[in-house]
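work-v1.cif follows (mmCIF, C-alpha atoms):
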data_my_file
#
loop_
_atom_site.label_atom_id
_atom_site.label_comp_id
_atom_site.auth_asym_id
_atom_site.auth_seq_id
_atom_site.Cartn_x
_atom_site.Cartn_y
_atom_site.Cartn_z
CA MET V 1 102.43 106.01 39.58
CA LYS V 2 102.16 103.89 42.68
CA GLY V 3 100.78 105.17 45.95
CA ALA V 4 104.15 105.01 47.68
CA ASP V 5 105.76 107.17 45.05
CA LYS V 6 102.95 109.65 45.34
CA ARG V 7 103.48 109.92 49.07
CA LYS V 8 107.07 110.92 48.55
CA LEU V 9 106.04 113.75 46.32
CA VAL V 10 103.29 114.87 48.66
CA THR V 11 105.50 114.98 51.70
CA SER V 12 108.56 116.55 50.14
CA GLY V 13 108.52 119.20 52.86
CA GLY V 14 110.31 116.93 55.31
CA ALA V 15 107.37 114.84 56.48
CA GLU V 16 108.61 111.62 54.81
CA ASP V 17 108.93 109.90 58.15
CA THR V 18 105.31 110.45 59.10
CA PRO V 19 103.42 107.18 59.21
CA ARG V 20 100.54 106.84 56.80
CA PRO V 21 97.23 107.25 58.61
CA ASP V 22 96.07 103.84 57.39
CA LYS V 23 98.84 102.37 59.52
CA ILE V 24 97.50 104.02 62.65
CA GLU V 25 93.79 103.70 62.10
CA ARG V 26 93.29 100.23 63.45
CA SER V 27 90.96 101.39 66.21
CA PRO V 28 87.98 103.71 65.69
CA PRO V 29 88.96 107.35 65.48
CA VAL V 30 88.10 109.67 68.35
CA VAL V 31 86.08 112.72 67.34
CA ARG V 32 85.81 115.87 69.42
CA VAL V 33 83.39 118.65 68.64
CA ALA V 34 83.59 121.98 70.42
CA GLU V 35 81.91 125.37 70.25
CA LEU V 36 83.76 128.37 71.63
CA GLU V 37 82.72 131.95 71.95
CA ILE V 38 85.60 134.37 72.04
CA ASP V 39 85.71 137.85 73.48
CA PRO V 40 85.36 139.90 70.25
CA SER V 41 88.01 142.39 71.39
CA GLN V 42 90.51 139.52 71.71
CA LEU V 43 89.50 137.55 68.63
CA GLU V 44 92.61 138.42 66.66
CA GLY V 45 94.91 137.26 69.45
CA TYR V 46 92.91 134.11 70.01
CA THR V 47 92.87 133.24 66.31
CA ALA V 48 96.64 133.66 66.03
CA ALA V 49 97.21 131.43 69.06
CA VAL V 50 94.85 128.67 67.99
CA LYS V 51 96.08 128.62 64.39
CA GLU V 52 99.67 128.28 65.56
CA GLU V 53 98.74 125.50 67.96
CA MET V 54 96.69 123.60 65.36
CA GLU V 55 99.33 123.91 62.68
CA MET V 56 102.15 122.73 64.94
CA SER V 57 100.08 119.88 66.31
CA VAL V 58 99.16 118.46 62.92
CA ARG V 59 102.78 118.75 61.81
CA GLU V 60 104.19 117.03 64.88
CA GLU V 61 101.51 114.51 65.84
CA PRO V 62 100.73 111.86 63.22
CA GLY V 63 97.80 110.69 65.35
CA ILE V 64 95.85 113.80 64.43
CA LEU V 65 93.74 112.96 61.39
CA ALA V 66 91.84 116.22 61.10
CA PHE V 67 91.86 119.54 62.89
CA TYR V 68 89.27 121.95 61.61
CA CYS V 69 88.19 125.29 62.96
CA VAL V 70 85.56 127.48 61.35
CA ALA V 71 83.78 130.65 62.43
CA GLU V 72 80.09 131.36 62.06
CA LYS V 73 79.74 133.77 59.17
CA ASP V 74 77.15 135.87 60.99
CA CYS V 75 79.08 135.87 64.24
CA PRO V 76 82.83 135.55 63.68
CA ALA V 77 83.58 135.28 67.41
CA ARG V 78 81.70 131.98 67.56
CA LEU V 79 84.03 129.20 66.55
CA ARG V 80 83.36 125.57 65.85
CA PHE V 81 85.99 122.89 66.09
CA PHE V 82 85.95 119.42 64.60
CA GLU V 83 88.89 117.27 65.66
CA MET V 84 89.60 113.68 64.67
CA TYR V 85 92.30 111.57 66.28
CA ALA V 86 93.49 108.10 65.24
CA ASP V 87 92.62 106.71 68.66
CA GLU V 88 92.30 107.55 72.35
CA ALA V 89 96.08 107.46 72.81
CA ALA V 90 96.56 110.06 70.09
CA TYR V 91 93.98 112.29 71.76
CA LYS V 92 95.71 111.94 75.12
CA GLU V 93 99.09 112.64 73.56
CA HIS V 94 97.69 115.87 72.20
CA ILE V 95 96.06 117.22 75.34
CA GLU V 96 99.13 116.37 77.38
CA SER V 97 101.50 118.08 74.97
CA ALA V 98 103.38 121.21 75.99
CA LYS V 99 101.98 123.18 73.07
CA PHE V 100 98.39 122.38 73.99
CA LYS V 101 99.02 123.42 77.59
CA LYS V 102 100.63 126.62 76.38
CA TYR V 103 97.61 127.31 74.16
CA VAL V 104 95.21 126.76 77.09
CA GLU V 105 97.23 129.12 79.27
CA THR V 106 97.55 131.80 76.56
CA THR V 107 93.89 131.81 75.60
CA LYS V 108 91.95 131.14 78.79
CA ALA V 109 91.14 134.81 79.42
CA MET V 110 90.00 135.24 75.80
CA ILE V 111 87.26 132.61 75.86
CA VAL V 112 83.79 133.73 76.95
CA SER V 113 82.12 130.32 76.82
CA ARG V 114 82.88 126.83 75.66
CA LYS V 115 80.82 123.75 74.97
CA PHE V 116 82.29 120.32 74.29
CA ILE V 117 80.20 117.63 72.68
CA ASP V 118 81.15 114.01 73.09
CA ALA V 119 80.66 112.66 69.61
CA VAL V 120 80.05 109.19 68.28
CA ARG V 121 81.03 108.42 64.72
CA VAL V 122 78.25 107.90 62.21
CA GLN V 123 80.18 108.29 58.96
CA LEU V 124 83.64 109.73 58.42
CA SER V 125 84.62 109.98 54.79
CA ALA V 126 87.26 112.14 53.20
CA GLY V 127 88.94 112.66 49.86
CA GLU V 128 92.51 111.47 50.25
CA LEU V 129 91.46 109.35 53.18
CA ARG V 130 88.71 107.77 51.16
CA ARG V 131 89.86 104.25 51.83
CA LYS V 132 89.66 104.88 55.56
CA PRO V 133 88.09 104.86 58.00
CA ASP V 134 84.67 104.15 56.51
CA ASN V 135 85.24 103.51 52.84
CA GLU V 136 87.39 100.41 52.77
CA MET E 1 99.78 114.36 34.46
CA LYS E 2 97.14 117.01 33.99
CA GLY E 3 94.27 117.56 36.39
CA ALA E 4 91.68 116.52 33.85
CA ASP E 5 93.35 113.12 33.36
CA LYS E 6 93.44 112.55 37.07
CA ARG E 7 89.77 113.30 37.44
CA LYS E 8 89.00 110.60 34.92
CA LEU E 9 91.01 108.08 36.89
CA VAL E 10 89.05 108.78 40.05
CA THR E 11 86.09 106.76 38.97
CA SER E 12 88.05 103.66 38.12
CA GLY E 13 87.76 102.39 41.68
CA GLY E 14 91.44 101.82 42.46
CA ALA E 15 92.77 103.68 45.48
CA GLU E 16 96.02 104.42 43.68
CA ASP E 17 94.11 106.31 41.07
CA THR E 18 92.75 108.79 43.59
CA PRO E 19 93.53 112.36 42.55
CA ARG E 20 95.70 114.45 44.78
CA PRO E 21 93.51 117.05 46.48
CA ASP E 22 96.14 119.72 45.87
CA LYS E 23 95.13 119.58 42.22
CA ILE E 24 91.58 120.58 43.05
CA GLU E 25 92.18 122.96 45.93
CA ARG E 26 93.13 126.10 44.06
CA SER E 27 90.33 128.17 45.58
CA PRO E 28 89.41 128.27 49.26
CA PRO E 29 87.40 125.27 50.31
CA VAL E 30 83.72 125.67 51.11
CA VAL E 31 82.75 124.42 54.56
CA ARG E 32 79.20 123.56 55.57
CA VAL E 33 78.21 122.85 59.13
CA ALA E 34 74.79 121.42 59.95
CA GLU E 35 72.93 120.15 62.97
CA LEU E 36 70.03 117.79 62.45
CA GLU E 37 67.65 116.25 64.91
CA ILE E 38 66.13 113.01 63.71
CA ASP E 39 62.88 111.39 64.81
CA PRO E 40 64.28 108.73 67.20
CA SER E 41 61.87 106.08 65.89
CA GLN E 42 63.30 106.60 62.39
CA LEU E 43 66.95 107.00 63.31
CA GLU E 44 68.01 103.64 61.93
CA GLY E 45 66.43 104.35 58.55
CA TYR E 46 67.87 107.85 58.43
CA THR E 47 71.36 106.65 59.34
CA ALA E 48 71.31 104.00 56.62
CA ALA E 49 70.20 106.55 54.03
CA VAL E 50 72.71 109.23 54.97
CA LYS E 51 75.63 106.81 55.21
CA GLU E 52 74.87 105.45 51.75
CA GLU E 53 74.59 108.94 50.32
CA MET E 54 77.83 110.13 51.96
CA GLU E 55 79.80 107.08 50.93
CA MET E 56 78.66 107.25 47.31
CA SER E 57 79.25 110.99 47.12
CA VAL E 58 82.83 110.83 48.35
CA ARG E 59 83.54 107.96 45.98
CA GLU E 60 82.06 109.67 42.94
CA GLU E 61 82.80 113.37 43.53
CA PRO E 62 86.48 114.30 43.76
CA GLY E 63 85.48 117.81 44.85
CA ILE E 64 84.37 116.52 48.24
CA LEU E 65 87.33 116.86 50.59
CA ALA E 66 85.65 115.75 53.80
CA PHE E 67 82.24 114.46 54.74
CA TYR E 68 81.87 113.83 58.43
CA CYS E 69 78.80 112.97 60.44
CA VAL E 70 78.81 112.35 64.18
CA ALA E 71 76.08 111.88 66.75
CA GLU E 72 75.98 113.44 70.19
CA LYS E 73 76.88 110.70 72.63
CA ASP E 74 74.18 111.75 75.09
CA CYS E 75 71.55 112.17 72.41
CA PRO E 76 72.18 109.88 69.42
CA ALA E 77 69.32 111.39 67.40
CA ARG E 78 71.17 114.72 67.28
CA LEU E 79 73.61 114.65 64.41
CA ARG E 80 76.33 117.06 63.44
CA PHE E 81 77.72 117.33 59.96
CA PHE E 82 80.98 118.87 58.85
CA GLU E 83 81.39 119.02 55.08
CA MET E 84 84.30 120.44 53.12
CA TYR E 85 84.24 120.97 49.37
CA ALA E 86 87.11 121.99 47.10
CA ASP E 87 85.19 125.04 45.93
CA GLU E 88 81.72 126.46 45.31
CA ALA E 89 81.38 124.50 42.06
CA ALA E 90 82.04 121.23 43.88
CA TYR E 91 79.39 122.12 46.45
CA LYS E 92 76.87 122.93 43.72
CA GLU E 93 77.72 119.72 41.87
CA HIS E 94 76.90 117.82 45.03
CA ILE E 95 73.58 119.41 45.90
CA GLU E 96 72.42 119.12 42.31
CA SER E 97 73.33 115.44 42.07
CA ALA E 98 70.63 112.80 41.71
CA LYS E 99 71.82 110.96 44.81
CA PHE E 100 71.57 114.06 47.00
CA LYS E 101 68.07 114.74 45.72
CA LYS E 102 67.13 111.13 46.40
CA TYR E 103 68.53 111.43 49.95
CA VAL E 104 66.52 114.61 50.57
CA GLU E 105 63.35 112.94 49.33
CA THR E 106 63.93 109.72 51.31
CA THR E 107 64.72 111.43 54.60
CA LYS E 108 62.56 114.55 54.70
CA ALA E 109 59.90 112.97 56.91
CA MET E 110 62.55 111.63 59.31
CA ILE E 111 64.08 114.98 60.22
CA VAL E 112 62.56 116.86 63.16
CA SER E 113 64.70 119.98 62.89
CA ARG E 114 67.71 121.22 61.02
CA LYS E 115 70.10 124.11 61.42
CA PHE E 116 72.67 125.13 58.84
CA ILE E 117 75.58 127.33 59.81
CA ASP E 118 77.38 129.32 57.17
CA ALA E 119 80.98 128.80 58.11
CA VAL E 120 84.13 130.77 57.41
CA ARG E 121 87.44 128.97 57.48
CA VAL E 122 89.78 129.74 60.35
CA GLN E 123 92.15 126.79 60.13
CA LEU E 124 91.71 123.55 58.22
CA SER E 125 94.48 121.07 58.82
CA ALA E 126 94.46 117.35 58.29
CA GLY E 127 96.88 114.48 58.41
CA GLU E 128 97.25 113.25 54.85
CA LEU E 129 96.19 116.67 53.59
CA ARG E 130 98.77 118.38 55.72
CA ARG E 131 100.19 120.65 53.06
CA LYS E 132 96.77 121.93 52.18
CA PRO E 133 94.81 123.97 52.51
CA ASP E 134 96.47 125.79 55.43
CA ASN E 135 99.83 124.12 55.92
CA GLU E 136 101.74 124.92 52.76
#
Rewrite the coordinates I just gave you, this time as structure tokens.
Amino acid sequence: MKGADKRKLVTSGGAEDTPRPDKIERSPPVVRVAELEIDPSQLEGYTAAVKEEMEMSVREEPGILAFYCVAEKDCPARLRFFEMYADEAAYKEHIESAKFKKYVETTKAMIVSRKFIDAVRVQLSAGELRRKPDNE
Amino acid sequence: MKGADKRKLVTSGGAEDTPRPDKIERSPPVVRVAELEIDPSQLEGYTAAVKEEMEMSVREEPGILAFYCVAEKDCPARLRFFEMYADEAAYKEHIESAKFKKYVETTKAMIVSRKFIDAVRVQLSAGELRRKPDNE
């Protein structure tokens, strides 16, 4: 089976029009790393809001290559984010989107502290994305 | 095509033979987060070793879903890793592999400090992987 045929099967949920990431990965991806501590009494509300925002964003913005959020096992209110965008424009598109602004507004009173780390790519390899960006 | 057949094709080197991650993502993925500080005078050697190890691992182990390493922009010797495996078995396969052991041996004198964070998934969404694991 050819790659193109595979794509059709993979995206049968209506995402057929989404460009393939290899088409939009001409420039180096932008990586954002963040650490957030959430007010434990509001963790459930925060988690619901951030999950909804992440899910919608990945569905609607093809420039988002990866959007990961994990909690520290020993301290579930401490969250770590790893975000990868196709390029600077994709990152800007995201932070200027209505859903991101809504998320910021909804959650600002739930966040105790936040730390953003400007990250420089060393190696970015992934399963389905194995041909890109580093493994071509 | 059965999962076992696909796994065989993985190693043939052609991108079209890459297995679909949905075939190997039946159980929740295992996420590992690590922060390493490298001896600045050995950073070049460390980077070469870790890039080689990451690239080979993703190519040879279909259970690795994502293998990301970034450096802090303001402190390039501080590295952050985000690793996602299909399941616990895939993680074990990796850390027991000869290439991982070789990497550990090669780099142990280059690492000043290391911190591993046991991570619990909150939301894991990615472009090409959009239907999985969280967006089905």
Just the number, please: distance in Å from atom CA of Ser97 of chain E to atom CA of Met84 of chain E, one decimal.
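One can read the atom CA of Ser97 of chain E to atom CA of Met84 of chain E distance as 16.4 Å.
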Output as CSV one row per residue of chain E within 6 Å of chain V: the closest atom pair and its distance in Å to one decimal place, counting all atoms listed in the file, sorted by chain and residue number ascending.
residue,atom,partner,partner_atom,distance
E:Glu16,CA,V:Gly3,CA,5.3
E:Leu65,CA,V:Gly127,CA,4.6
E:Ala66,CA,V:Ala126,CA,4.0
E:Phe67,CA,V:Ser125,CA,5.1
E:Tyr68,CA,V:Leu124,CA,4.5
E:Cys69,CA,V:Gln123,CA,5.1
E:Val70,CA,V:Arg121,CA,4.5
E:Ala71,CA,V:Val120,CA,5.0
E:Glu72,CA,V:Ala119,CA,4.8
E:Lys73,CA,V:Ala119,CA,5.2
E:Asp118,CA,V:Lys73,CA,5.4
E:Ala119,CA,V:Glu72,CA,4.8
E:Val120,CA,V:Ala71,CA,5.0
E:Arg121,CA,V:Val70,CA,4.6
E:Val122,CA,V:Val70,CA,4.9
E:Gln123,CA,V:Cys69,CA,5.1
E:Leu124,CA,V:Tyr68,CA,4.5
E:Ser125,CA,V:Phe67,CA,5.1
E:Ala126,CA,V:Ala66,CA,4.0
E:Gly127,CA,V:Leu65,CA,4.6
Could you write out as a ChimeraX atom specification the residues that the PyMOL selection byres ((chain V and resi 39) around 8) matches in the shown file?
/V:37-38,40-43,77,110-112
Using only C-alpha atoms: which of E:Pro29, E:Lys102, E:Leu36, E:Tyr91 has the shortest distance to Phe116 of chain E
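For Phe116 of chain E, the nearest of the given residues is E:Leu36.
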Distance in Å - atom CA of Thr107 of chain E versus atom CA of Tyr46 of chain E
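Distance between the two atoms: 6.1 Å.
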One-decimal distance in Å that lies between atom CA of Val30 of chain E and atom CA of Lys108 of chain E
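Rounded to one decimal, the two atoms are 24.2 Å apart.
Of the residues under consideration (V:Glu93, V:Asp87, V:Glu53, V:Glu60), V:Glu53 shows the shortest atom-to-atom contact distance to Thr106 of chain V when counting only C-alpha atoms.
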Axis-aligned box over every listed atom of segment 100-115 of chain V, padded by 3 Å per side: centre and edges in Å to one decimal, as JSON?
{"center_x": 90.7, "center_y": 128.8, "center_z": 76.7, "size_x": 25.8, "size_y": 18.9, "size_z": 11.4}
